[in-house]
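Novice: Following this message is one structure expressed as structure tokens.
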Amino acid sequence: MSDDNRTPRTPRQRLGAELRRLRMLAGLSGRQLALRTGLSQSRVSRIERGDVLASVPELTQWLEQAGAVDRLEQMVAATEAALNDTDSWPEFMRAESFAAMQQRVQEREAVARTQRSFLSALVPGLLQTAEYARLVFIASDLTGTQDYAAAVQRRIDRQQILYEQGHSFEFILTEAALRWRPGPKQVLIAQLDRIASLATLSNVSIGVLPLNAETRAIPWHGFTLNEDVDDENPYVQVETIHAYLTVSRPDDVELYRRQFAVLKKAARTGQQFSDFLNNLRSELLSGD
């Protein structure tokens with residue numbers, strides 16, 4: 001399903017679709033609007049897809065060029081309401097495939113220079129082996145109709161960004177996340193080896209919160225904090241059992257920033273992390 005034909009589900013997507021409709025009613029192409037407003041063409045496309053929210057000055061210019069400046073107050077209010085956005089998983093999976101979702105995530109990751117992730121239940125997608133990812137997709141499929149091979153390929157493609165020095169990554173995982181087994185122990189052993197290898201990259205930092213570590217923050221749920229984002233304010237992505245959340249309200253983003261800092265302080269990193277992985281691997285090899 002193409003971006004242009006995707007049914008708007010969230011406030012961001014509905015807002016973007018309405019801005020696109022107003023542009024087209026004014027007889028303007030995306031390129032023409034970009035030239036007249038000083039926005040990049042990619043910025044126009046991302047706003048219309050609902051990937052990002054336009055600022056008030058951008059909205060003002062957009063509506064002036066579309067001859068709809070009388071809609072400004074309404075559109076500003078809609079933008080404020082869309083700062084924290086919820087995308088229902090059942091609705092999402094009726095509209096798009098896992099592979100399409102991976103493509104959208106990859107596009108958003110490409111413009112974030114700094115990514116800080118905390119995972120409490122499983123290994124994050126950027127660190128997963130192909131088999132671990134396949135089993136995760138199977139466990140996540142509420143419809144039983146997903147193309148797992150395509151989804152895995154897109155997830156592996158996403159991981160190329162780890163090798164780009166213009167991007168930096170920090171991952172904090174709980175011990176429970178590292179121990180979770182979606183399949184036979186050989187799958188987890190290979191996954192631990194993959195993590196150990198990626199931890200050697202100069203732009204990748206990985207830490208673990210052992211179960212016996214003193215932690216002055218409650219690890220409520222996983223999240224990813226995206227900062228140093230091209231043409232966009234920092235935002236947080238949260239996956240829950242029922243929905244995919246995008247958090248952009250500055251005060252809320254700051255809460256996640258502080259949470260990550262506290263979790264990072266308690267985490268084992270560097271050689272301590274390597275020792276933890278080695279011990280866990282040895283335990284798996286010696287167990288039944």
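Residues are referred to by chain and number: the chain letter is A, B, ... according to the order shown in the structure tokens, the number counts from 1 in that chain, and ligands are numbered separately from 1 in the order shown.
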To test your reading of the structure, identify every residue in stretch 122-253 of chain A that backbone DSSP assigns to strand (DSSP E or B), and report it as an MDAnalysis selection string.

Specialist: chainID A and resid 168:174 204:209 223:229 235:239 243:247

Novice: Hey, which bits of stretch 110-167 of chain A sit within 8 Å of stretch 173-194 of chain A, and for each residue what's the closest pair of atoms and how far apart in Å (one decimal), counting only C-alpha atoms, rows by chain and increasing number, as CSV?

Specialist:
```
residue,atom,partner,partner_atom,distance
A:Phe118,CA,A:Leu173,CA,5.9
A:Leu119,CA,A:Leu173,CA,5.0
A:Ser120,CA,A:Thr174,CA,5.1
A:Ala121,CA,A:Ala177,CA,4.3
A:Leu122,CA,A:Ala177,CA,4.1
A:Val123,CA,A:Ala177,CA,6.0
A:Leu127,CA,A:Arg194,CA,7.2
A:Gln128,CA,A:Gln191,CA,6.6
A:Thr129,CA,A:Gln191,CA,5.8
A:Glu131,CA,A:Val187,CA,7.0
A:Tyr132,CA,A:Val187,CA,6.4
A:Leu135,CA,A:Pro182,CA,6.0
A:Val136,CA,A:Pro182,CA,6.7
```

Novice: Any chance you could list, as an MDAnalysis selection string, the residues in stretch 111-266 of chain A that come up alpha helix (DSSP H) when DSSP is run on the backbone?

Specialist: chainID A and resid 130:140 148:158 175:179 185:198 250:266

Novice: Have a look at A:Thr10, A:Gly207, A:Leu53, A:Asp85 and name the one nearest to A:Gln272; count only C-alpha atoms.

Specialist: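 Of the candidates, the smallest distance to A:Gln272 is held by A:Gly207.
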
Novice: Excluding A:Gly38 and residues on its chain fewer than 3 positions from it, collect all residues at most 12 Å away from it, counting only C-alpha atoms, and give them as a PyMOL selection string.

Specialist: chain A and resi 30-35+41-44+57-58+61-62+65

Novice: Output N, CA and C atoms for every residue in that selection, as a PDB file, in the first residue's frame.

Specialist:
```pdb
ATOM      1  N   GLY A  30       3.552  19.193  -4.648  1.00  0.00           N
ATOM      2  CA  GLY A  30       4.389  19.247  -3.458  1.00  0.00           C
ATOM      3  C   GLY A  30       5.642  20.071  -3.695  1.00  0.00           C
ATOM      4  N   ARG A  31       6.194  19.968  -4.893  1.00  0.00           N
ATOM      5  CA  ARG A  31       7.403  20.725  -5.228  1.00  0.00           C
ATOM      6  C   ARG A  31       7.116  22.220  -5.257  1.00  0.00           C
ATOM      7  N   GLN A  32       5.986  22.607  -5.830  1.00  0.00           N
ATOM      8  CA  GLN A  32       5.633  24.024  -5.890  1.00  0.00           C
ATOM      9  C   GLN A  32       5.425  24.602  -4.496  1.00  0.00           C
ATOM     10  N   LEU A  33       4.744  23.840  -3.640  1.00  0.00           N
ATOM     11  CA  LEU A  33       4.528  24.324  -2.285  1.00  0.00           C
ATOM     12  C   LEU A  33       5.857  24.476  -1.556  1.00  0.00           C
ATOM     13  N   ALA A  34       6.764  23.520  -1.758  1.00  0.00           N
ATOM     14  CA  ALA A  34       8.072  23.586  -1.117  1.00  0.00           C
ATOM     15  C   ALA A  34       8.820  24.845  -1.551  1.00  0.00           C
ATOM     16  N   LEU A  35       8.788  25.148  -2.836  1.00  0.00           N
ATOM     17  CA  LEU A  35       9.487  26.327  -3.352  1.00  0.00           C
ATOM     18  C   LEU A  35       8.892  27.614  -2.793  1.00  0.00           C
ATOM     19  N   GLN A  41      11.258  19.572  -0.116  1.00  0.00           N
ATOM     20  CA  GLN A  41      10.199  18.716  -0.649  1.00  0.00           C
ATOM     21  C   GLN A  41       9.999  17.488   0.229  1.00  0.00           C
ATOM     22  N   SER A  42      11.082  16.989   0.813  1.00  0.00           N
ATOM     23  CA  SER A  42      10.950  15.824   1.701  1.00  0.00           C
ATOM     24  C   SER A  42      10.190  16.201   2.966  1.00  0.00           C
ATOM     25  N   ARG A  43      10.383  17.441   3.425  1.00  0.00           N
ATOM     26  CA  ARG A  43       9.651  17.903   4.607  1.00  0.00           C
ATOM     27  C   ARG A  43       8.146  17.963   4.315  1.00  0.00           C
ATOM     28  N   VAL A  44       7.796  18.455   3.144  1.00  0.00           N
ATOM     29  CA  VAL A  44       6.393  18.508   2.740  1.00  0.00           C
ATOM     30  C   VAL A  44       5.808  17.101   2.724  1.00  0.00           C
ATOM     31  N   PRO A  57       4.703  28.472  12.212  1.00  0.00           N
ATOM     32  CA  PRO A  57       5.103  29.240  11.028  1.00  0.00           C
ATOM     33  C   PRO A  57       4.941  28.460   9.727  1.00  0.00           C
ATOM     34  N   GLU A  58       5.255  27.150   9.761  1.00  0.00           N
ATOM     35  CA  GLU A  58       5.093  26.324   8.561  1.00  0.00           C
ATOM     36  C   GLU A  58       3.616  26.197   8.181  1.00  0.00           C
ATOM     37  N   GLN A  61       2.463  29.503   6.562  1.00  0.00           N
ATOM     38  CA  GLN A  61       2.901  29.624   5.162  1.00  0.00           C
ATOM     39  C   GLN A  61       2.126  28.666   4.265  1.00  0.00           C
ATOM     40  N   TRP A  62       1.944  27.455   4.741  1.00  0.00           N
ATOM     41  CA  TRP A  62       1.245  26.418   3.964  1.00  0.00           C
ATOM     42  C   TRP A  62      -0.166  26.881   3.622  1.00  0.00           C
ATOM     43  N   GLN A  65      -0.400  29.827   1.136  1.00  0.00           N
ATOM     44  CA  GLN A  65      -0.191  29.408  -0.249  1.00  0.00           C
ATOM     45  C   GLN A  65      -1.387  28.603  -0.771  1.00  0.00           C
TER      46      GLN A  65
END
```

Novice: Contacts of A:Ala54 at 10 Å or less, counting only C-alpha atoms, minus same-chain residues fewer than 6 places along, as a list in words?

Specialist: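 Selected residues are Arg12, Leu15, Gly16, Leu19, Arg43, Val44, Arg46, Ile47, Glu48, Thr60, Trp62, Met75, Val76, Thr79, Asp231 and Glu232 of chain A.
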
Novice: Which residue is closest to A:Leu63? Choose from A:Asp252, A:Glu164, A:Glu18, A:Asp275 and count only C-alpha atoms.

Specialist: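 Counting only C-alpha atoms, the residue closest to A:Leu63 is A:Glu18.
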
Novice: Can you work out the spacing between atom CA of A:Pro11 and atom CA of A:Thr143 in Å, to one decimal?

Specialist: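 Taking atom CA of A:Pro11 as the start and atom CA of A:Thr143 as the end point, the length is 24.5 Å.
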
Novice: Could you check the closest approach to A:His167 for each of A:Gln115, A:Gln146, A:Thr246, A:Gln106 and tell me which residue wins, using only C-alpha atoms?

Specialist: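 For A:His167, the nearest of the given residues is A:Gln115.
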
Novice: A:Asp51, A:Ser45, A:Ile218, A:Asn233: which is nearest A:Ser29, counting only C-alpha atoms?

Specialist: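 Closest to A:Ser29, using only C-alpha atoms: A:Ser45.
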
Novice: Show me, as a PyMOL selection string, the residues that have an atom within 8 Å of A:Val204 when counting only C-alpha atoms, minus same-chain residues fewer than 2 positions from it.

Specialist: chain A and resi 162+168-171+198-202+206

Novice: Those same residues - all heavy atoms - I'd like them written as a PDB file, in the first residue's frame.

Specialist:
```pdb
ATOM      1  N   LEU A 162      23.258   1.181  11.862  1.00  0.00           N
ATOM      2  CA  LEU A 162      24.181   1.029  12.986  1.00  0.00           C
ATOM      3  C   LEU A 162      25.627   1.268  12.567  1.00  0.00           C
ATOM      4  O   LEU A 162      26.472   1.615  13.400  1.00  0.00           O
ATOM      5  CB  LEU A 162      24.054  -0.365  13.591  1.00  0.00           C
ATOM      6  CG  LEU A 162      22.728  -0.712  14.277  1.00  0.00           C
ATOM      7  CD1 LEU A 162      22.698  -2.195  14.629  1.00  0.00           C
ATOM      8  CD2 LEU A 162      22.531   0.128  15.530  1.00  0.00           C
ATOM      9  N   SER A 168      24.330   7.790  16.411  1.00  0.00           N
ATOM     10  CA  SER A 168      24.789   7.141  17.639  1.00  0.00           C
ATOM     11  C   SER A 168      23.602   6.476  18.336  1.00  0.00           C
ATOM     12  O   SER A 168      22.471   6.959  18.241  1.00  0.00           O
ATOM     13  CB  SER A 168      25.449   8.147  18.574  1.00  0.00           C
ATOM     14  OG  SER A 168      24.526   9.127  19.009  1.00  0.00           O
ATOM     15  N   PHE A 169      23.903   5.377  19.028  1.00  0.00           N
ATOM     16  CA  PHE A 169      22.856   4.564  19.641  1.00  0.00           C
ATOM     17  C   PHE A 169      23.256   4.171  21.063  1.00  0.00           C
ATOM     18  O   PHE A 169      24.403   3.794  21.312  1.00  0.00           O
ATOM     19  CB  PHE A 169      22.616   3.289  18.827  1.00  0.00           C
ATOM     20  CG  PHE A 169      22.229   3.545  17.403  1.00  0.00           C
ATOM     21  CD1 PHE A 169      23.198   3.728  16.427  1.00  0.00           C
ATOM     22  CD2 PHE A 169      20.892   3.631  17.031  1.00  0.00           C
ATOM     23  CE1 PHE A 169      22.852   3.982  15.110  1.00  0.00           C
ATOM     24  CE2 PHE A 169      20.538   3.883  15.724  1.00  0.00           C
ATOM     25  CZ  PHE A 169      21.515   4.063  14.752  1.00  0.00           C
ATOM     26  N   GLU A 170      22.294   4.263  21.955  1.00  0.00           N
ATOM     27  CA  GLU A 170      22.460   3.774  23.321  1.00  0.00           C
ATOM     28  C   GLU A 170      21.298   2.831  23.614  1.00  0.00           C
ATOM     29  O   GLU A 170      20.131   3.205  23.446  1.00  0.00           O
ATOM     30  CB  GLU A 170      22.466   4.920  24.323  1.00  0.00           C
ATOM     31  CG  GLU A 170      23.665   5.840  24.203  1.00  0.00           C
ATOM     32  CD  GLU A 170      23.649   6.912  25.288  1.00  0.00           C
ATOM     33  OE1 GLU A 170      23.579   6.556  26.486  1.00  0.00           O
ATOM     34  OE2 GLU A 170      23.685   8.107  24.935  1.00  0.00           O
ATOM     35  N   PHE A 171      21.628   1.632  24.049  1.00  0.00           N
ATOM     36  CA  PHE A 171      20.612   0.644  24.391  1.00  0.00           C
ATOM     37  C   PHE A 171      20.796   0.220  25.845  1.00  0.00           C
ATOM     38  O   PHE A 171      21.904  -0.121  26.249  1.00  0.00           O
ATOM     39  CB  PHE A 171      20.729  -0.603  23.511  1.00  0.00           C
ATOM     40  CG  PHE A 171      20.573  -0.346  22.035  1.00  0.00           C
ATOM     41  CD1 PHE A 171      21.681  -0.162  21.221  1.00  0.00           C
ATOM     42  CD2 PHE A 171      19.306  -0.304  21.455  1.00  0.00           C
ATOM     43  CE1 PHE A 171      21.534   0.062  19.862  1.00  0.00           C
ATOM     44  CE2 PHE A 171      19.150  -0.083  20.100  1.00  0.00           C
ATOM     45  CZ  PHE A 171      20.270   0.104  19.292  1.00  0.00           C
ATOM     46  N   LEU A 198      27.918  -6.275  18.028  1.00  0.00           N
ATOM     47  CA  LEU A 198      27.486  -4.896  17.784  1.00  0.00           C
ATOM     48  C   LEU A 198      27.981  -3.949  18.865  1.00  0.00           C
ATOM     49  O   LEU A 198      28.189  -2.757  18.613  1.00  0.00           O
ATOM     50  CB  LEU A 198      25.964  -4.835  17.685  1.00  0.00           C
ATOM     51  CG  LEU A 198      25.358  -5.520  16.459  1.00  0.00           C
ATOM     52  CD1 LEU A 198      23.840  -5.543  16.559  1.00  0.00           C
ATOM     53  CD2 LEU A 198      25.800  -4.815  15.172  1.00  0.00           C
ATOM     54  N   ALA A 199      28.188  -4.464  20.070  1.00  0.00           N
ATOM     55  CA  ALA A 199      28.661  -3.631  21.176  1.00  0.00           C
ATOM     56  C   ALA A 199      30.079  -3.126  20.943  1.00  0.00           C
ATOM     57  O   ALA A 199      30.529  -2.191  21.622  1.00  0.00           O
ATOM     58  CB  ALA A 199      28.583  -4.403  22.487  1.00  0.00           C
ATOM     59  N   THR A 200      30.786  -3.710  19.978  1.00  0.00           N
ATOM     60  CA  THR A 200      32.153  -3.258  19.684  1.00  0.00           C
ATOM     61  C   THR A 200      32.173  -2.033  18.772  1.00  0.00           C
ATOM     62  O   THR A 200      33.228  -1.413  18.594  1.00  0.00           O
ATOM     63  CB  THR A 200      32.966  -4.386  19.019  1.00  0.00           C
ATOM     64  OG1 THR A 200      32.404  -4.700  17.738  1.00  0.00           O
ATOM     65  CG2 THR A 200      32.977  -5.633  19.887  1.00  0.00           C
ATOM     66  N   LEU A 201      31.032  -1.674  18.184  1.00  0.00           N
ATOM     67  CA  LEU A 201      30.972  -0.504  17.314  1.00  0.00           C
ATOM     68  C   LEU A 201      31.171   0.765  18.146  1.00  0.00           C
ATOM     69  O   LEU A 201      30.603   0.902  19.233  1.00  0.00           O
ATOM     70  CB  LEU A 201      29.636  -0.440  16.583  1.00  0.00           C
ATOM     71  CG  LEU A 201      29.371  -1.538  15.550  1.00  0.00           C
ATOM     72  CD1 LEU A 201      27.921  -1.465  15.072  1.00  0.00           C
ATOM     73  CD2 LEU A 201      30.324  -1.402  14.361  1.00  0.00           C
ATOM     74  N   SER A 202      31.933   1.718  17.611  1.00  0.00           N
ATOM     75  CA  SER A 202      32.259   2.920  18.376  1.00  0.00           C
ATOM     76  C   SER A 202      31.062   3.828  18.619  1.00  0.00           C
ATOM     77  O   SER A 202      31.052   4.618  19.566  1.00  0.00           O
ATOM     78  CB  SER A 202      33.353   3.707  17.643  1.00  0.00           C
ATOM     79  OG  SER A 202      32.899   4.117  16.351  1.00  0.00           O
ATOM     80  N   ILE A 206      25.812  -0.377  24.692  1.00  0.00           N
ATOM     81  CA  ILE A 206      24.794  -1.296  25.173  1.00  0.00           C
ATOM     82  C   ILE A 206      25.051  -1.595  26.648  1.00  0.00           C
ATOM     83  O   ILE A 206      26.191  -1.843  27.049  1.00  0.00           O
ATOM     84  CB  ILE A 206      24.787  -2.616  24.377  1.00  0.00           C
ATOM     85  CG1 ILE A 206      24.695  -2.331  22.869  1.00  0.00           C
ATOM     86  CG2 ILE A 206      23.619  -3.500  24.810  1.00  0.00           C
ATOM     87  CD1 ILE A 206      24.769  -3.574  22.001  1.00  0.00           C
TER      88      ILE A 206
END
```

Novice: Would you compute the distance between atom CA of A:Tyr148 and atom CA of A:Ser97? Give it in Å to one decimal.

Specialist: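 Between atom CA of A:Tyr148 and atom CA of A:Ser97 the gap works out to 9.5 Å.
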
Novice: Considering only C-alpha atoms, state which residue in the set A:Tyr235, A:Trp220, A:Tyr163, A:Phe276 is at the smallest distance from A:Asp251.

Specialist: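 Of all the options, A:Tyr235 lies closest to A:Asp251.
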
Novice: Under the rule that only C-alpha atoms are counted, which of A:Gln153, A:Asn279, A:Gln165, A:Gln271 is the nearest residue to A:Ala130?

Specialist: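 Looking at the shortest contact to A:Ala130, the residue is A:Gln153.
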